[in-house]
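Undergrad: Sharing final39.pdb, PDB, C-alpha atoms:
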```pdb
MODEL        1
ATOM      1  CA  MET A   1       0.000   0.000   0.000  1.00  0.00           C
ATOM      2  CA  ASN A   2       1.305   3.418  -0.981  1.00  0.00           C
ATOM      3  CA  SER A   3       1.094   6.082   1.733  1.00  0.00           C
ATOM      4  CA  ASP A   4       1.658   9.051  -0.597  1.00  0.00           C
ATOM      5  CA  ASN A   5      -1.401  11.187  -1.105  1.00  0.00           C
ATOM      6  CA  ASP A   6      -2.012  13.726  -3.871  1.00  0.00           C
ATOM      7  CA  LEU A   7      -0.920  16.648  -1.689  1.00  0.00           C
ATOM      8  CA  GLN A   8       2.411  14.990  -0.950  1.00  0.00           C
ATOM      9  CA  ILE A   9       2.978  14.234  -4.621  1.00  0.00           C
ATOM     10  CA  ALA A  10       1.840  17.524  -6.195  1.00  0.00           C
ATOM     11  CA  GLY A  11       2.304  19.920  -3.330  1.00  0.00           C
ATOM     12  CA  ASP A  12      -0.196  22.485  -2.137  1.00  0.00           C
ATOM     13  CA  ILE A  13      -1.618  24.302  -5.192  1.00  0.00           C
ATOM     14  CA  LEU A  14      -2.000  27.475  -3.127  1.00  0.00           C
ATOM     15  CA  GLU A  15       1.733  27.441  -2.525  1.00  0.00           C
ATOM     16  CA  VAL A  16       2.389  27.571  -6.263  1.00  0.00           C
ATOM     17  CA  PRO A  17       1.069  31.021  -7.232  1.00  0.00           C
ATOM     18  CA  HIS A  18       2.531  30.875 -10.731  1.00  0.00           C
ATOM     19  CA  LEU A  19       0.044  28.086 -11.542  1.00  0.00           C
ATOM     20  CA  LEU A  20      -2.995  30.153 -10.554  1.00  0.00           C
ATOM     21  CA  GLN A  21      -4.604  32.388 -13.160  1.00  0.00           C
ATOM     22  CA  PRO A  22      -5.063  35.976 -12.033  1.00  0.00           C
ATOM     23  CA  PRO A  23      -8.672  37.139 -11.819  1.00  0.00           C
ATOM     24  CA  ARG A  24      -9.820  38.852 -15.001  1.00  0.00           C
ATOM     25  CA  GLU A  25     -10.522  42.561 -14.883  1.00  0.00           C
ATOM     26  CA  HIS A  26     -13.105  42.272 -17.697  1.00  0.00           C
ATOM     27  CA  PRO A  27     -15.500  39.505 -18.765  1.00  0.00           C
ATOM     28  CA  ALA A  28     -14.376  37.157 -21.519  1.00  0.00           C
ATOM     29  CA  THR A  29     -17.006  34.394 -21.604  1.00  0.00           C
ATOM     30  CA  VAL A  30     -20.769  34.339 -22.124  1.00  0.00           C
ATOM     31  CA  ALA A  31     -21.242  33.383 -18.467  1.00  0.00           C
ATOM     32  CA  GLU A  32     -19.044  36.279 -17.338  1.00  0.00           C
ATOM     33  CA  PHE A  33     -20.979  38.780 -19.501  1.00  0.00           C
ATOM     34  CA  ALA A  34     -24.272  37.453 -18.109  1.00  0.00           C
ATOM     35  CA  GLY A  35     -22.784  37.774 -14.612  1.00  0.00           C
ATOM     36  CA  LEU A  36     -21.728  41.367 -15.328  1.00  0.00           C
ATOM     37  CA  ALA A  37     -25.294  42.152 -16.423  1.00  0.00           C
ATOM     38  CA  ARG A  38     -26.703  40.610 -13.221  1.00  0.00           C
ATOM     39  CA  ALA A  39     -24.204  42.575 -11.104  1.00  0.00           C
ATOM     40  CA  VAL A  40     -25.121  45.879 -12.777  1.00  0.00           C
ATOM     41  CA  ALA A  41     -28.836  45.064 -12.458  1.00  0.00           C
ATOM     42  CA  ALA A  42     -28.437  44.396  -8.740  1.00  0.00           C
ATOM     43  CA  ASP A  43     -26.675  47.733  -8.119  1.00  0.00           C
ATOM     44  CA  ARG A  44     -29.395  50.299  -8.878  1.00  0.00           C
ATOM     45  CA  SER A  45     -27.049  53.110  -7.833  1.00  0.00           C
ATOM     46  CA  GLN A  46     -25.111  52.516 -11.086  1.00  0.00           C
ATOM     47  CA  TRP A  47     -28.061  53.151 -13.383  1.00  0.00           C
ATOM     48  CA  ALA A  48     -31.384  54.252 -11.822  1.00  0.00           C
ATOM     49  CA  HIS A  49     -30.495  57.963 -11.655  1.00  0.00           C
ATOM     50  CA  LEU A  50     -29.585  57.963 -15.368  1.00  0.00           C
ATOM     51  CA  VAL A  51     -32.873  56.622 -16.752  1.00  0.00           C
ATOM     52  CA  ARG A  52     -34.957  58.998 -18.849  1.00  0.00           C
ATOM     53  CA  TYR A  53     -38.234  58.310 -20.637  1.00  0.00           C
ATOM     54  CA  ASP A  54     -38.930  59.829 -24.038  1.00  0.00           C
ATOM     55  CA  ALA A  55     -42.317  59.346 -25.700  1.00  0.00           C
ATOM     56  CA  THR A  56     -40.979  60.364 -29.128  1.00  0.00           C
ATOM     57  CA  THR A  57     -37.987  58.021 -29.425  1.00  0.00           C
ATOM     58  CA  ARG A  58     -36.333  55.190 -27.556  1.00  0.00           C
ATOM     59  CA  TRP A  59     -33.866  56.533 -24.998  1.00  0.00           C
ATOM     60  CA  TYR A  60     -30.469  54.918 -24.513  1.00  0.00           C
ATOM     61  CA  HIS A  61     -27.273  55.649 -22.635  1.00  0.00           C
ATOM     62  CA  ARG A  62     -23.876  53.953 -22.892  1.00  0.00           C
ATOM     63  CA  LEU A  63     -23.215  52.971 -19.297  1.00  0.00           C
ATOM     64  CA  ARG A  64     -19.685  51.659 -19.700  1.00  0.00           C
ATOM     65  CA  THR A  65     -17.172  50.161 -22.080  1.00  0.00           C
ATOM     66  CA  GLY A  66     -14.423  47.610 -21.726  1.00  0.00           C
ATOM     67  CA  PRO A  67     -11.981  45.961 -24.070  1.00  0.00           C
ATOM     68  CA  GLY A  68     -14.177  45.107 -27.033  1.00  0.00           C
ATOM     69  CA  TYR A  69     -17.564  45.404 -25.303  1.00  0.00           C
ATOM     70  CA  GLU A  70     -20.196  48.016 -24.481  1.00  0.00           C
ATOM     71  CA  VAL A  71     -22.921  48.176 -21.833  1.00  0.00           C
ATOM     72  CA  TRP A  72     -26.081  50.119 -22.759  1.00  0.00           C
ATOM     73  CA  LEU A  73     -29.054  51.214 -20.676  1.00  0.00           C
ATOM     74  CA  LEU A  74     -32.391  51.604 -22.551  1.00  0.00           C
ATOM     75  CA  SER A  75     -35.826  52.790 -21.509  1.00  0.00           C
ATOM     76  CA  TRP A  76     -39.103  51.805 -23.149  1.00  0.00           C
ATOM     77  CA  VAL A  77     -42.383  53.659 -22.704  1.00  0.00           C
ATOM     78  CA  PRO A  78     -45.571  51.710 -23.470  1.00  0.00           C
ATOM     79  CA  GLY A  79     -45.789  50.882 -27.171  1.00  0.00           C
ATOM     80  CA  GLN A  80     -42.131  51.520 -28.013  1.00  0.00           C
ATOM     81  CA  GLY A  81     -40.248  48.794 -29.855  1.00  0.00           C
ATOM     82  CA  SER A  82     -37.005  48.096 -31.625  1.00  0.00           C
ATOM     83  CA  GLY A  83     -38.395  46.758 -34.892  1.00  0.00           C
ATOM     84  CA  PRO A  84     -37.176  43.355 -36.114  1.00  0.00           C
ATOM     85  CA  HIS A  85     -33.376  43.448 -36.207  1.00  0.00           C
ATOM     86  CA  GLY A  86     -30.092  41.587 -35.827  1.00  0.00           C
ATOM     87  CA  HIS A  87     -26.813  42.661 -34.237  1.00  0.00           C
ATOM     88  CA  GLY A  88     -24.271  42.213 -37.018  1.00  0.00           C
ATOM     89  CA  ARG A  89     -21.207  40.378 -35.756  1.00  0.00           C
ATOM     90  CA  SER A  90     -21.964  41.117 -32.101  1.00  0.00           C
ATOM     91  CA  SER A  91     -23.076  38.687 -29.419  1.00  0.00           C
ATOM     92  CA  GLY A  92     -25.136  40.054 -26.582  1.00  0.00           C
ATOM     93  CA  VAL A  93     -26.891  39.799 -23.271  1.00  0.00           C
ATOM     94  CA  LEU A  94     -30.278  41.489 -22.766  1.00  0.00           C
ATOM     95  CA  THR A  95     -31.424  41.900 -19.156  1.00  0.00           C
ATOM     96  CA  VAL A  96     -34.733  43.464 -18.116  1.00  0.00           C
ATOM     97  CA  LEU A  97     -34.154  45.746 -15.135  1.00  0.00           C
ATOM     98  CA  GLU A  98     -37.672  47.128 -14.571  1.00  0.00           C
ATOM     99  CA  GLY A  99     -41.073  46.412 -16.061  1.00  0.00           C
ATOM    100  CA  ALA A 100     -41.602  43.800 -18.744  1.00  0.00           C
ATOM    101  CA  LEU A 101     -40.729  43.519 -22.428  1.00  0.00           C
ATOM    102  CA  THR A 102     -41.946  41.216 -25.182  1.00  0.00           C
ATOM    103  CA  GLU A 103     -39.358  39.521 -27.389  1.00  0.00           C
ATOM    104  CA  ARG A 104     -40.513  38.182 -30.744  1.00  0.00           C
ATOM    105  CA  THR A 105     -38.442  35.819 -32.899  1.00  0.00           C
ATOM    106  CA  GLU A 106     -39.342  33.538 -35.804  1.00  0.00           C
ATOM    107  CA  ARG A 107     -39.755  30.704 -33.304  1.00  0.00           C
ATOM    108  CA  ALA A 108     -41.467  32.218 -30.291  1.00  0.00           C
ATOM    109  CA  THR A 109     -42.878  35.200 -28.439  1.00  0.00           C
ATOM    110  CA  ARG A 110     -41.649  35.598 -24.867  1.00  0.00           C
ATOM    111  CA  THR A 111     -42.579  37.951 -22.071  1.00  0.00           C
ATOM    112  CA  LEU A 112     -39.425  39.040 -20.263  1.00  0.00           C
ATOM    113  CA  ALA A 113     -40.124  40.233 -16.721  1.00  0.00           C
ATOM    114  CA  ALA A 114     -37.666  42.155 -14.539  1.00  0.00           C
ATOM    115  CA  GLY A 115     -34.637  39.926 -13.930  1.00  0.00           C
ATOM    116  CA  SER A 116     -35.058  37.961 -17.178  1.00  0.00           C
ATOM    117  CA  GLN A 117     -32.007  37.529 -19.389  1.00  0.00           C
ATOM    118  CA  ARG A 118     -31.590  36.553 -23.042  1.00  0.00           C
ATOM    119  CA  VAL A 119     -28.176  35.675 -24.444  1.00  0.00           C
ATOM    120  CA  PHE A 120     -27.629  35.692 -28.193  1.00  0.00           C
ATOM    121  CA  ALA A 121     -24.915  35.070 -30.770  1.00  0.00           C
ATOM    122  CA  PRO A 122     -24.219  36.805 -34.087  1.00  0.00           C
ATOM    123  CA  GLY A 123     -27.012  36.135 -36.554  1.00  0.00           C
ATOM    124  CA  TYR A 124     -29.766  36.194 -33.911  1.00  0.00           C
ATOM    125  CA  ALA A 125     -32.725  38.304 -35.004  1.00  0.00           C
ATOM    126  CA  HIS A 126     -35.547  39.519 -32.784  1.00  0.00           C
ATOM    127  CA  GLU A 127     -37.889  42.371 -32.023  1.00  0.00           C
ATOM    128  CA  VAL A 128     -38.263  43.826 -28.541  1.00  0.00           C
ATOM    129  CA  VAL A 129     -41.422  45.757 -27.629  1.00  0.00           C
ATOM    130  CA  ASN A 130     -42.980  47.197 -24.496  1.00  0.00           C
ATOM    131  CA  ASP A 131     -46.504  45.766 -24.795  1.00  0.00           C
ATOM    132  CA  THR A 132     -47.464  46.777 -21.259  1.00  0.00           C
ATOM    133  CA  LEU A 133     -49.002  49.942 -19.831  1.00  0.00           C
ATOM    134  CA  GLU A 134     -45.939  50.664 -17.649  1.00  0.00           C
ATOM    135  CA  PRO A 135     -42.453  51.854 -18.669  1.00  0.00           C
ATOM    136  CA  ALA A 136     -39.589  49.371 -18.765  1.00  0.00           C
ATOM    137  CA  VAL A 137     -35.792  49.568 -18.485  1.00  0.00           C
ATOM    138  CA  SER A 138     -33.294  47.122 -19.957  1.00  0.00           C
ATOM    139  CA  LEU A 139     -29.542  46.573 -20.001  1.00  0.00           C
ATOM    140  CA  HIS A 140     -27.732  45.405 -23.149  1.00  0.00           C
ATOM    141  CA  ILE A 141     -24.157  44.163 -23.384  1.00  0.00           C
ATOM    142  CA  TYR A 142     -22.626  43.717 -26.835  1.00  0.00           C
ATOM    143  CA  TYR A 143     -19.356  41.957 -27.651  1.00  0.00           C
ATOM    144  CA  PRO A 144     -17.799  43.195 -29.791  1.00  0.00           C
ATOM    145  CA  GLY A 145     -19.406  46.608 -29.472  1.00  0.00           C
ATOM    146  CA  LEU A 146     -22.411  47.107 -31.728  1.00  0.00           C
ATOM    147  CA  THR A 147     -21.395  48.617 -35.091  1.00  0.00           C
ATOM    148  CA  GLU A 148     -24.368  47.596 -37.229  1.00  0.00           C
ATOM    149  CA  MET A 149     -27.966  46.649 -36.664  1.00  0.00           C
ATOM    150  CA  PRO A 150     -29.452  44.905 -39.702  1.00  0.00           C
ATOM    151  CA  MET A 151     -33.165  45.701 -39.814  1.00  0.00           C
ATOM    152  CA  HIS A 152     -35.511  42.944 -41.034  1.00  0.00           C
ATOM    153  CA  THR A 153     -38.691  43.484 -43.041  1.00  0.00           C
ATOM    154  CA  ALA A 154     -41.117  40.820 -44.237  1.00  0.00           C
ATOM    155  CA  GLY A 155     -38.578  38.050 -43.676  1.00  0.00           C
ATOM    156  CA  ALA A 156     -35.859  39.705 -45.806  1.00  0.00           C
ATOM    157  CA  PRO A 157     -33.081  41.382 -43.824  1.00  0.00           C
ATOM    158  CA  HIS A 158     -31.467  44.536 -45.052  1.00  0.00           C
ATOM    159  CA  CYS A 159     -28.497  46.214 -43.472  1.00  0.00           C
ATOM    160  CA  GLU A 160     -28.440  49.688 -42.059  1.00  0.00           C
ATOM    161  CA  ALA A 161     -25.228  50.990 -40.604  1.00  0.00           C
ATOM    162  CA  LEU A 162     -25.714  51.926 -36.992  1.00  0.00           C
ATOM    163  CA  THR A 163     -24.037  55.126 -36.030  1.00  0.00           C
ATOM    164  CA  PRO A 164     -23.267  54.660 -32.357  1.00  0.00           C
ATOM    165  CA  PRO A 165     -25.080  57.399 -30.445  1.00  0.00           C
ATOM    166  CA  ARG A 166     -23.139  59.962 -28.554  1.00  0.00           C
ATOM    167  CA  PRO A 167     -23.192  59.073 -24.851  1.00  0.00           C
ATOM    168  CA  VAL A 168     -25.701  61.031 -22.805  1.00  0.00           C
ATOM    169  CA  THR A 169     -24.150  62.861 -19.911  1.00  0.00           C
ATOM    170  CA  ALA A 170     -25.964  63.074 -16.627  1.00  0.00           C
TER     171      ALA A 170
ENDMDL
END
```
With the file now loaded, output its structure as structure tokens.
TA:
Amino acid sequence: MNSDNDLQIAGDILEVPHLLQPPREHPATVAEFAGLARAVAADRSQWAHLVRYDATTRWYHRLRTGPGYEVWLLSWVPGQGSGPHGHGRSSGVLTVLEGALTERTERATRTLAAGSQRVFAPGYAHEVVNDTLEPAVSLHIYYPGLTEMPMHTAGAPHCEALTPPRPVTA
């Protein structure tokens, strides 16, 4: 019988700092981006004071940027919608912060209540609408940052270049 255990053979992993990966400053995986969205959602002090509602156009504010990604805050008054669209080469995480939104795709229609998240890859097309009688707020993370938003009409997509809006200052 061998009396050596794994700790005796390999040593204590915590005593070998060069083998440990340093914590990342910015998200790099889908799970980390979804976690970032949940963390921002949970800290209302980061976003609640910035929200504005505009009955004439959808309101949005770039909340932060990181290497290759952007975090956007959007408000939706009743009846406002995005129109059917894609996100070019960007992946994304959509998180509803307040209220409820309806997401429509070719496959399904979903009601997204506060706390709901949708994660999507390039090529994903949807429409987001506030079908309720109350305003809603959502958080959107795009990686890489959103540079185009192909709009879809009657099943045939067409591309429109998206000029990134100038950040709104509080």
Undergrad: Which is closest to His85 (chain A) among A:Trp59, A:Tyr143, A:Tyr69, A:Tyr124, if we use all atoms listed in the file?
TA: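 Once distances to His85 (chain A) are computed over all atoms listed in the file, the minimum belongs to A:Tyr124.
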Undergrad: Hey, which of A:Gly68, A:Gly92, A:Gly35, A:Gly99 ends up closest to Ala125 (chain A)? Count only C-alpha atoms.
TA: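 With only C-alpha atoms as the atom set, the closest residue is A:Gly92.
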Undergrad: Could you tell me which of A:His49, A:Arg64, A:Leu101, A:His126 comes closest to Thr153 (chain A) if we count only C-alpha atoms?
TA: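 Among the listed residues, the smallest separation from Thr153 (chain A) belongs to A:His126.
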Undergrad: List the neighbours of Ala42 (chain A) out to 12 Å using all atoms listed in the file; skip same-chain residues closer than 3 positions along the sequence, and give me the result as a ChimeraX atom specification.
TA: /A:35-39,45-48,95-98,114-115,139
Undergrad: On this structure, which residues satisfy the PyMOL selection byres ((chain A and resi 129) around 6), written as a ChimeraX atom specification?
TA: /A:80-81,101-102,128,130-131
Undergrad: Would you list the contacts of Glu134 (chain A) as a list in words, taking every protein, DNA or RNA residue within 8 Å and counting all atoms listed in the file, but skipping same-chain residues closer than 2 positions in sequence?
TA: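 Skipping anything fewer than 2 positions along the chain leaves Val77, Pro78, Gly99, Thr132 and Ala136 of chain A.
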Undergrad: Just how far from CA of Arg58 (chain A) is CA of Leu74 (chain A), in Å to one decimal?
TA: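 Pair CA of Leu74 (chain A) / CA of Arg58 (chain A) returns 7.3 Å.
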Undergrad: May I ask for the distance between CA of Glu127 (chain A) and CA of Leu94 (chain A), given in Å to one decimal place?
TA: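 Taking CA of Glu127 (chain A) as the start and CA of Leu94 (chain A) as the end point, the length is 12.0 Å.
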Undergrad: Nearest to Leu73 (chain A): which of A:Ile141, A:Leu133, A:Thr147, A:Gly123 is it, counting only C-alpha atoms?
TA: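 Smallest separation from Leu73 (chain A) among the options: A:Ile141.
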Undergrad: Report, in Å with one decimal, the straight-line distance from CA of Ser82 (chain A) to CA of Glu70 (chain A).
TA: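 Computing it gives 18.3 Å between the two atoms.
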Undergrad: I'd like the residues picked by the PyMOL selection byres ((chain A and resi 111) around 8) written out as an MDAnalysis selection string, using the chain letters and numbers from the file.
TA: chainID A and resid 100:103 109:110 112:113
Undergrad: For the provided coordinates, the residues matched by the PyMOL selection byres ((chain A and resi 26-32) around 8) should be stated as number ranges by chain.
TA: A: 24-25, 33-36, 66-67, 119
